[in-house]
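Peer 1: Dropping the structure in here first, questions after.
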Amino acid sequence: MDSSALLFVIIGITLLFEFSNGWHDAANSIATIVSTRVLKPLPAVAWAAFWNFVAAFTFGTAVAKTMGKGLVHLDMVNQQVLLAGLLGAILWNLITLYLGIPTSSSHALMGGYGGAAVARAGFGAIIVSGWTKPVIFIFIAPFIGMFVAMIVTTATIWLVRKQLPSHVDRWFRRLQLLSAAGYSFGHGTNDAQKGMGIITAALVSSGALSKYDVPFWVVIACHAAIAGGTMAGGWRVIRTMGQRITKLNPFGGFAAETSAAITLFGTAEFGIPVSTTHTITGAIIGVGSARRLTAVRWGVTRRIMSAWVLTIPGAALFGALLYGLLMNVGN
């Protein structure tokens, strides 16, 4: 396959990855608003997808630059590395989706990309400093979401302490529409940029771009793909996110989504590719913990956290194996 044809394949598979990202992460965007019965699944998915796409017009491309040229040395990357990394991430996503485990599509892409790069050029291909913040935030992001959620929950409880429960429930059903929009906006801002980074890296490595600068059509295409994936939905994971960790009411859903959105806006501004899955899960745990520690089903939470730790090395292994397979087939 010549370079131009392979470039089109990489672009197509990246958009497929973004679609699968939206599909896989649809649960994160709508689980709270569905589990609290503020919206039924179909309109909730449409609401989330709309804000995924609107995010294309904000926050720039800092995360895309980190993903595309901040993790591996771009001069050591060829198109086969990018293709293998994408396929490794998609394979990991499909396996975890089948198992109903809400893992991170972002970290799957990082792992697949890094694993394929190492398979081609050894560990010298890795920019160690570029991995520091994303790896640290695997552990920090859930706790940021959790602590922000505890603060938001506690502060909001204090503000409404003298109101009738029926009034509180009615108001937070309305407010949860805004908090769900904010979270989906943050999800689109952060996760669509991962694919933007890969496509731009492919354009540079193929010679189609002389320097790393994300084209506007790439921004629009990636956001449209992730919004389309969100519309398709990831129904197996919704139940895990919305009900198995802790039971949520509209008040709790508002606190979780608002806290996750605040965290995602901050990390996107600083170009840190965090996991939206980690962030919303941490926020949901924070809401439950603010009520009482026994409100959180820690057994399910431990299972989810185990999947987080395994995502980068697991996807890296798939990326490395697929790179070897592609090179053997090519020869």
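Labels for the structure tokens follow display order: chains A, B, ..., residues from 1 in each chain, ligands from 1.
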What's the 7 Å shell around Gly229 (chain A), counting only C-alpha atoms, without same-chain residues fewer than 4 positions away, as a PyMOL selection string?

Peer 2: chain A and resi 19-23+225+233

Peer 1: Report as an NGL selection string all protein, DNA and RNA residues lying within 7 Å of Leu322 (chain A), evaluated on only C-alpha atoms, omitting residues in the same chain fewer than 3 positions from it.

Peer 2: :A and (84 or 88 or 318-319 or 325-326)

Peer 1: Residues near Ile198 (chain A), anyone? I mean within 8 Å using only C-alpha atoms, not counting same-chain ones fewer than 6 positions away, as a ChimeraX atom specification.

Peer 2: /A:14,64,67-68,82

Peer 1: Selected residues, C-alpha atoms, written as a compact mmCIF listing (two decimals), in the first residue's frame, please.

Peer 2:
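For reference, result.txt as written:
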```
# COMPACT_ATOMS: atom_id res chain seq x y z
CA THR A 14 -8.75 7.41 13.60
CA ALA A 64 -3.82 17.24 20.50
CA MET A 67 -0.87 13.37 22.06
CA GLY A 68 0.59 13.74 18.56
CA LEU A 82 0.22 5.07 13.87
```

Peer 1: In Å, how far is it from CA of Thr61 (chain A) to CA of Pro215 (chain A)?

Peer 2: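 Result for CA of Thr61 (chain A) versus CA of Pro215 (chain A): 10.0 Å, one decimal.
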
Peer 1: What's the 7 Å shell around Met231 (chain A), counting only C-alpha atoms, without same-chain residues fewer than 2 positions away, as a list in words?

Peer 2: Val45, Ala46, Ala49, Ala227, Gly228, Gly229 and Gly233 of chain A

Peer 1: Can you tell me how far CA of Val77 (chain A) sits from CA of Trp92 (chain A), in Å to one decimal?

Peer 2: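 Computing the Euclidean distance for CA of Val77 (chain A) and CA of Trp92 (chain A) yields 21.4 Å.
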